[in-house]
Amino acid sequence: MRRRLAHLAAAVLPLLASGAALAIDYASVARPAILYDTPSPQGQKLAIIRTGTPVEIVVANPDAQWVKVRDPSGALSWIEGDALGTRRTVFVTVEQAMVRRAASDAAPPAFAARREVVLEFVAIEPGGWIRVRHADGSDGYLRASEAWGF
């Protein structure tokens, strides 16, 4: 048993130290795109994903022509790599989220965002908050537990 634990530790510790095992990459959809069950336009078309939707990068082919992604619903599928952009967004996951003027529940509201609204991701803030920006230019702080994609 000790020998197995030692082998496991030898394999896992370098990954943890490098941060590679903990990193999650997100991207946003740059244009409406089709999600497929395989990395090919001949694959089954599963859904159309809208512009701005954040996706988690699960696997990228070496040529980045196809990327396996997880969408906000948790579904896995493939998307053409050129459909992804560099702009970071988050997806509101609660019925109505209150975006505040400061990173505090006591701060006055800046605006409200309904479920599935896409907001631009600005930064992670201390205390479980993220800074976000609405398409109209309004910005503020959202509880991290009320969003997905960062």
# chains A, B, ... in the order shown; residues from 1 in each chain; ligands from 1
>>> residues_around(residues="Phe91 (chain A)", least_positions_apart="6", cutoff="10 Å", atoms="only C-alpha atoms", output="list of chain:residue names")
A:Gly52, A:Thr53, A:Pro54, A:Val55, A:Asp71, A:Pro72, A:Ala113, A:Arg114, A:Arg115, A:Glu116, A:Val117, A:Val118, A:Leu119, A:Glu120, A:Phe121, A:Glu146, A:Ala147, A:Trp148, A:Gly149, A:Phe150
>>> select_by_dssp(residues="region 3-147 of chain A", states="alpha helix (DSSP H)", output="PyMOL selection string")
chain A and resi 3-18
>>> write_last_selection(atoms="C-alpha atoms", output="PDB file, in the first residue's frame")
ATOM      1  CA  ARG A   3       4.530   1.724  -2.408  1.00  0.00           C
ATOM      2  CA  ARG A   4       1.313   2.549  -4.359  1.00  0.00           C
ATOM      3  CA  LEU A   5       0.897   5.809  -2.449  1.00  0.00           C
ATOM      4  CA  ALA A   6       4.503   6.720  -3.140  1.00  0.00           C
ATOM      5  CA  HIS A   7       4.041   6.076  -6.881  1.00  0.00           C
ATOM      6  CA  LEU A   8       0.810   8.075  -6.913  1.00  0.00           C
ATOM      7  CA  ALA A   9       2.441  10.973  -5.086  1.00  0.00           C
ATOM      8  CA  ALA A  10       5.405  10.892  -7.481  1.00  0.00           C
ATOM      9  CA  ALA A  11       3.027  11.146 -10.442  1.00  0.00           C
ATOM     10  CA  VAL A  12       0.631  13.752  -9.074  1.00  0.00           C
ATOM     11  CA  LEU A  13       2.825  16.136  -7.073  1.00  0.00           C
ATOM     12  CA  PRO A  14       4.727  17.541 -10.086  1.00  0.00           C
ATOM     13  CA  LEU A  15       1.399  18.328 -11.770  1.00  0.00           C
ATOM     14  CA  LEU A  16       0.057  20.052  -8.671  1.00  0.00           C
ATOM     15  CA  ALA A  17       3.255  22.023  -8.221  1.00  0.00           C
ATOM     16  CA  SER A  18       3.115  23.246 -11.810  1.00  0.00           C
TER      17      SER A  18
END
>>> atom_distance(atom1="CA of Ala110 (chain A)", atom2="CA of Gly137 (chain A)")
11.2 Å
>>> select_by_dssp(residues="chain A", states="strand (DSSP E or B)", output="number ranges by chain")
A: 25-29, 33-36, 45-49, 54-60, 66-70, 76-80, 84-85, 89-92, 96-100, 109-114, 118-125, 129-133, 139-143, 147-148
>>> closest_residue(among="A:Ser28, A:Ala60, A:Thr51, A:Tyr141", to="Ala106 (chain A)", atoms="only C-alpha atoms")
A:Tyr141
>>> atom_distance(atom1="CA of Ile130 (chain A)", atom2="CA of Val99 (chain A)")
9.6 Å
>>> closest_atom_pairs(of="region 50-98 of chain A", to="region 122-125 of chain A", cutoff="12 Å", atoms="only C-alpha atoms", output="CSV")
residue,atom,partner,partner_atom,distance
A:Arg87,CA,A:Val122,CA,9.8
A:Arg88,CA,A:Val122,CA,7.8
A:Thr89,CA,A:Val122,CA,8.3
A:Val90,CA,A:Val122,CA,9.6
>>> write_last_selection(atoms="N, CA and C atoms", output="PDB file, in the first residue's frame")
ATOM      1  N   ARG A  87     -12.191  37.298 -26.004  1.00  0.00           N
ATOM      2  CA  ARG A  87     -12.954  38.049 -25.008  1.00  0.00           C
ATOM      3  C   ARG A  87     -13.506  37.072 -23.970  1.00  0.00           C
ATOM      4  N   ARG A  88     -13.347  37.379 -22.698  1.00  0.00           N
ATOM      5  CA  ARG A  88     -13.842  36.511 -21.617  1.00  0.00           C
ATOM      6  C   ARG A  88     -15.220  36.965 -21.170  1.00  0.00           C
ATOM      7  N   THR A  89     -16.109  36.013 -20.991  1.00  0.00           N
ATOM      8  CA  THR A  89     -17.458  36.309 -20.532  1.00  0.00           C
ATOM      9  C   THR A  89     -17.847  35.332 -19.430  1.00  0.00           C
ATOM     10  N   VAL A  90     -18.912  35.673 -18.720  1.00  0.00           N
ATOM     11  CA  VAL A  90     -19.510  34.772 -17.743  1.00  0.00           C
ATOM     12  C   VAL A  90     -20.997  34.679 -18.038  1.00  0.00           C
TER      13      VAL A  90
END
>>> atom_distance(atom1="CA of Gly74 (chain A)", atom2="CA of Met98 (chain A)")
23.8 Å
>>> residues_around(residues="Pro126 (chain A)", least_positions_apart="6", cutoff="12 Å", atoms="only C-alpha atoms", output="list in words")
Ala102, Ala103, Ser104, Tyr141, Leu142, Arg143 and Ala144 of chain A
>>> residues_around(residues="Ala33 (chain A)", least_positions_apart="2", cutoff="7 Å", atoms="only C-alpha atoms", output="ChimeraX atom specification")
/A:31,35,48-50,83
